[in-house]
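One structure below.
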Amino acid sequence: MNNKKVLAHAIGAIALASVPLSAHAWPDQTVTIVVPYAPGGIADIAARTVAEAMTPIWGQEVIVDNRTGGAGFVAATTVARAAPDGHTLFVADMGVNVINPYLFDDAPYDPATDFRPITMISDTPLVLAAYSGAPFDTTEDYLAYAEANPGEISFASAGIGSLNHIVPEWINYETGIDTVHIPYRGGAPAATAVASGEAEVGVLALSSVGPFVDSGDIKLLGVAREERVASHPDLPTLMEGGVPNVAAGQWAGLFAPSGVSDEIVEKIYEDVVAYLETEQAQTTFADRGAIVSPMTSEDFGQMLDDLREQFSTIIEAANISAD
């Protein structure tokens, strides 16, 4: 091969190397979905369900990496600093993607600018759950007991800044009761703590507490929604039980680092939503206590903006801190 041909091949190789990765070439290696909580919680269940479904569709292994700790900071910074090639994705919830900046002055990431929302995956009702041996059986009983015993009831959460942390504090604010926060490394460990009596109550995902309700270790006092849940029509809402205003869902959403191209984000969105809209996906999530809730990237982003405005007001009004 003469020097001109060698030079032409070299230039061609450099040109190909400089072309941004397109959706047609993506993925060309393992895809990692980072989750900020321990296995077994809402975000983890959503990530593993999507990973299992996408592995054959994408032709590459899709794995879940549980990066716990630091109120989601460890996982969030891992994703924010990852190469923007679409091979590192993020499944997280409202705590990491809405609440943290309003709770921590030194949050090492900005969810509004460091991540690209792709779609919501699922939404799960939150319930006020209590240890079976707790001396109250309804939301009204709980409020009365807490009022008579300030500072004696502890509540478990999936971690500082999680929705499981904010909603009980919100209940305290709306009703004037005083309870003590015990953070854990995810929704599953928090549910286990309530089931064992290590914490008396928790506002937890319905899917996380289901097995403990079946075993008789946990009892449900109320659901944090404006309307009752179809799967539990006899369970009153917190509002019906005397807690004004408090309604919130534990959703899990799919994100990419902010620098990932529109083309790759669109491919991920189309493939994941196509799966979520199948009967198989809806049944799989329903069996785990969740509701499949895909939405466009634009609608998901707008929802996040609206939630940030709402919860910044709640956190400030209720004087909720990370302490």
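In the structure tokens, chains take the letters A, B, ... in the order shown, each chain's residues start at 1, and ligands count up from 1 in the order shown.
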Can you pull out every residue within 10 Å of Glu298 of chain A, counting only C-alpha atoms, but drop anything in the same chain fewer than 3 positions away, and send it as a PyMOL selection string?
chain A and resi 117-119+295+301-304
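The protein and nucleic acid residues lying at most 9 Å from segment 132-141 of chain A are Leu128, Tyr145, Ala146, Val194, Ala195, Ser196, Gly197, Glu200, Val201, Val213, Gly216, Asp217, Ile218, Lys219, Leu220, Leu221, Gly222, Pro236, Thr237, Leu238, Glu240, Gly241, Gly242 and Val243 of chain A, with only C-alpha atoms considered and sequence neighbours fewer than 4 positions away removed.
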For the atom pair atom CA of Ser154 of chain A and atom CA of Tyr37 of chain A, what is the interatomic distance in Å to one decimal place?
20.9 Å
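When atom CA of Gly289 of chain A is paired with atom CA of Asp214 of chain A, their separation reads 13.2 Å.
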Given only C-alpha atoms, how would the per-residue table for segment 79-134 of chain A near segment 47-53 of chain A read, listing every residue at most 9 Å away with its closest atom pair and distance in Å to one decimal, sorted by chain and number, as a Markdown table?
| residue | atom | partner | partner_atom | distance |
| --- | --- | --- | --- | --- |
| A:Phe90 | CA | A:Ala47 | CA | 8.4 |
| A:Val91 | CA | A:Ala47 | CA | 6.0 |
| A:Ala92 | CA | A:Ala47 | CA | 8.9 |
| A:Ile121 | CA | A:Val50 | CA | 8.6 |
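Excluding Pro125 of chain A itself and any same-chain residue fewer than 6 positions from it, the protein and nucleic acid residues within 9 Å of it, counting only C-alpha atoms, are Leu204, Ala205, Leu206, Ser207, Val223, Ala224, Arg225, Val229, Ala248, Gly249, Gln250, Trp251, Gly289, Ala290 and Ile291 of chain A.
Using only C-alpha atoms, the nearest neighbour of Asp287 of chain A within the list A:Pro168, A:Gly210, A:Pro108, A:Pro183 is A:Gly210.
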Can you pull out every residue within 7 Å of Val98 of chain A, counting only C-alpha atoms, but drop anything in the same chain fewer than 4 positions away, and send it as an MDAnalysis selection string?
chainID A and resid 94 304 307:308
Those same residues - N, CA and C atoms - I'd like them written as a PDB file, in the first residue's frame.
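Wrote it out as part.pdb, contents follow:
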ATOM      1  N   MET A  94     -38.374  10.869  43.267  1.00  0.00           N
ATOM      2  CA  MET A  94     -38.541  12.273  43.570  1.00  0.00           C
ATOM      3  C   MET A  94     -37.487  12.783  44.553  1.00  0.00           C
ATOM      4  N   LEU A 304     -41.580  17.323  36.422  1.00  0.00           N
ATOM      5  CA  LEU A 304     -40.493  17.529  37.377  1.00  0.00           C
ATOM      6  C   LEU A 304     -40.389  18.997  37.783  1.00  0.00           C
ATOM      7  N   LEU A 307     -43.215  19.707  40.200  1.00  0.00           N
ATOM      8  CA  LEU A 307     -42.985  19.101  41.507  1.00  0.00           C
ATOM      9  C   LEU A 307     -41.917  19.858  42.296  1.00  0.00           C
ATOM     10  N   ARG A 308     -40.889  20.346  41.594  1.00  0.00           N
ATOM     11  CA  ARG A 308     -39.854  21.112  42.294  1.00  0.00           C
ATOM     12  C   ARG A 308     -40.439  22.372  42.909  1.00  0.00           C
TER      13      ARG A 308
END
